[in-house]
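To start, the structure itself, in structure tokens.
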Amino acid sequence: MPRNSGVTLAALLFGAFATSLNAAEPPWSPSAVRPCDRSCLTGIMDRYTGALLKHDRPALPLAEDVRFTENTALLNVGEGILWHAKTEPTAFKYYVADPVAGQVAIGTLVKIQGRPALVAVRLKVERGRLLEIEHLIDRNVQERQLANLQTPRPGLLNDIVASNRTSREGMIAAANSYFDAIEGDSGKIGAFADDCERHENGIQTTLTKEPTTGMLTSGPPSKTYMMTCSDQLDTKIFAYIHKIRPGRVLIVDEQKGLVATFPLFVHDGSRRGDTSGNLGMLINMVCLETFGIRGGRIHEVEAFPFVQIPYGLGDGWTPGSGR
């Protein structure tokens, strides 16, 4: 056998191997790219929640550097309340999906260990894998909250007609105007429709038919909750909120006219205009706050779950937040 026959044989084998690889891997083509549209994102959310209910972590397409928080705490996927407790779904669930940002969220009522709980889940998807996972959970749900937590309002579910659609930039601006209006104690700053109806943890807190206590569990009913979103803010009802930073306007669902935000509310114990020196609420709070936007105006505000954390702590995602 010739001295270089081994080299020749190796070359032949390598050539055959390369040919088989080429046969298995088609050449790059832009037509092979399949973007993850709204249906794709909601399907990934369903896959995630299905695995969550079954406690089946291996079923998930996790990115190697996936980041996961529950109630702002940084955990490993598979830890936390929802991954350990017996959780059952209910009929109350709405999706906010954004193919441009590759993000999807749900707001839902579930049963944890047989008791109602309000839950928000956010996913960031990159090339079919989960890059970010965020859970917010409130298990302190009272009977009076449940009436508005049976079926989501139509404004959270229905597609909007083309004539009522707002540009992506306009929807983001409208959502941010809500936070600006709270900080400015002025409804004129916000992009509020006259029929803007706000729900907080299931409780209707604007345009009520009679005086109510809102989210409060004590004290006399107030006519403030009978007002519009705009007029109510003019009363400085939220003057105890020092600031809302960051607003985290993250998910813009142009098909449904929804914007999902994950704001951090900072309460520093003061109240704008109060010089008495009395110390009020000294806490931070996070939630999912969803805005239904049509014709450039906010018609629905759905805010839950409210998760209180110690003053000074951040949202688990934004460096330096919380103070």
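Every chain in the structure tokens has a letter given in the order shown (A, B, ...), and although residue numbers restart at 1 in each chain, ligands are simply numbered from 1 in the order shown.
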Next item on the list: Within 10 Å of Ala193 in chain A, counting only C-alpha atoms, which residues show up once you throw out same-chain ones fewer than 3 positions away? Write them as a PyMOL selection string, please.
Entry: chain A and resi 190+196-197+228-230+293-300
Note to self: Just list as a ChimeraX atom specification whatever in range 124-302 of chain A DSSP marks as strand (DSSP E or B).
What the structure shows: /A:124-126,129-138,192-200,203-204,212,222,243-244,249-253,258-261,264-268,282-294,297-302
Next item on the list: Find, counting only C-alpha atoms, the residue in A:Asp253, A:Glu143, A:Glu88, A:Glu169 that gets nearest to Gly50 in chain A.
Entry: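 Under the stated criterion, the closest residue is A:Glu88.
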Next item on the list: Skip Ser270 in chain A itself and residues of its chain fewer than 3 positions away, then list as a VMD selection string all residues within 8 Å of it, counting only C-alpha atoms.
Entry: chain A and resid 240 242 267 274 277 to 281
Margin query: What's the separation between CA of Ile251 in chain A and CA of Ala101 in chain A, in Å to one decimal place?
Written below: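 About the pair CA of Ile251 in chain A and CA of Ala101 in chain A: they are 6.9 Å apart.
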Margin query: Residues near Gln145 in chain A, anyone? I mean within 7 Å using only C-alpha atoms, not counting same-chain ones fewer than 4 positions away, as a list in words.
Written below: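 The residues that qualify are Val141, Asn201, Gly202 and Ile203 of chain A.
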Check: Looking at only C-alpha atoms, which of A:Lys236, A:Arg38, A:Lys188, A:His55 is the one that sits closest to Asp98 in chain A?
Finding: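 Using only C-alpha atoms, the shortest distance to Asp98 in chain A belongs to A:Arg38.
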Next item on the list: Fewer than 5 positions away in the same chain doesn't count, so skip those; otherwise give me all residues within 10 Å of Leu149 in chain A, counting only C-alpha atoms, as a PyMOL selection string.
Entry: chain A and resi 90-93+108-109+118+144+199+201-203
Notebook entry, point to check: Which one is closest to Arg129 in chain A: A:Glu64, A:Glu210, A:Glu183, A:Asp37? Count only C-alpha atoms.
Noted result: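 Checking each candidate against Arg129 in chain A, we get A:Glu64 as the closest.
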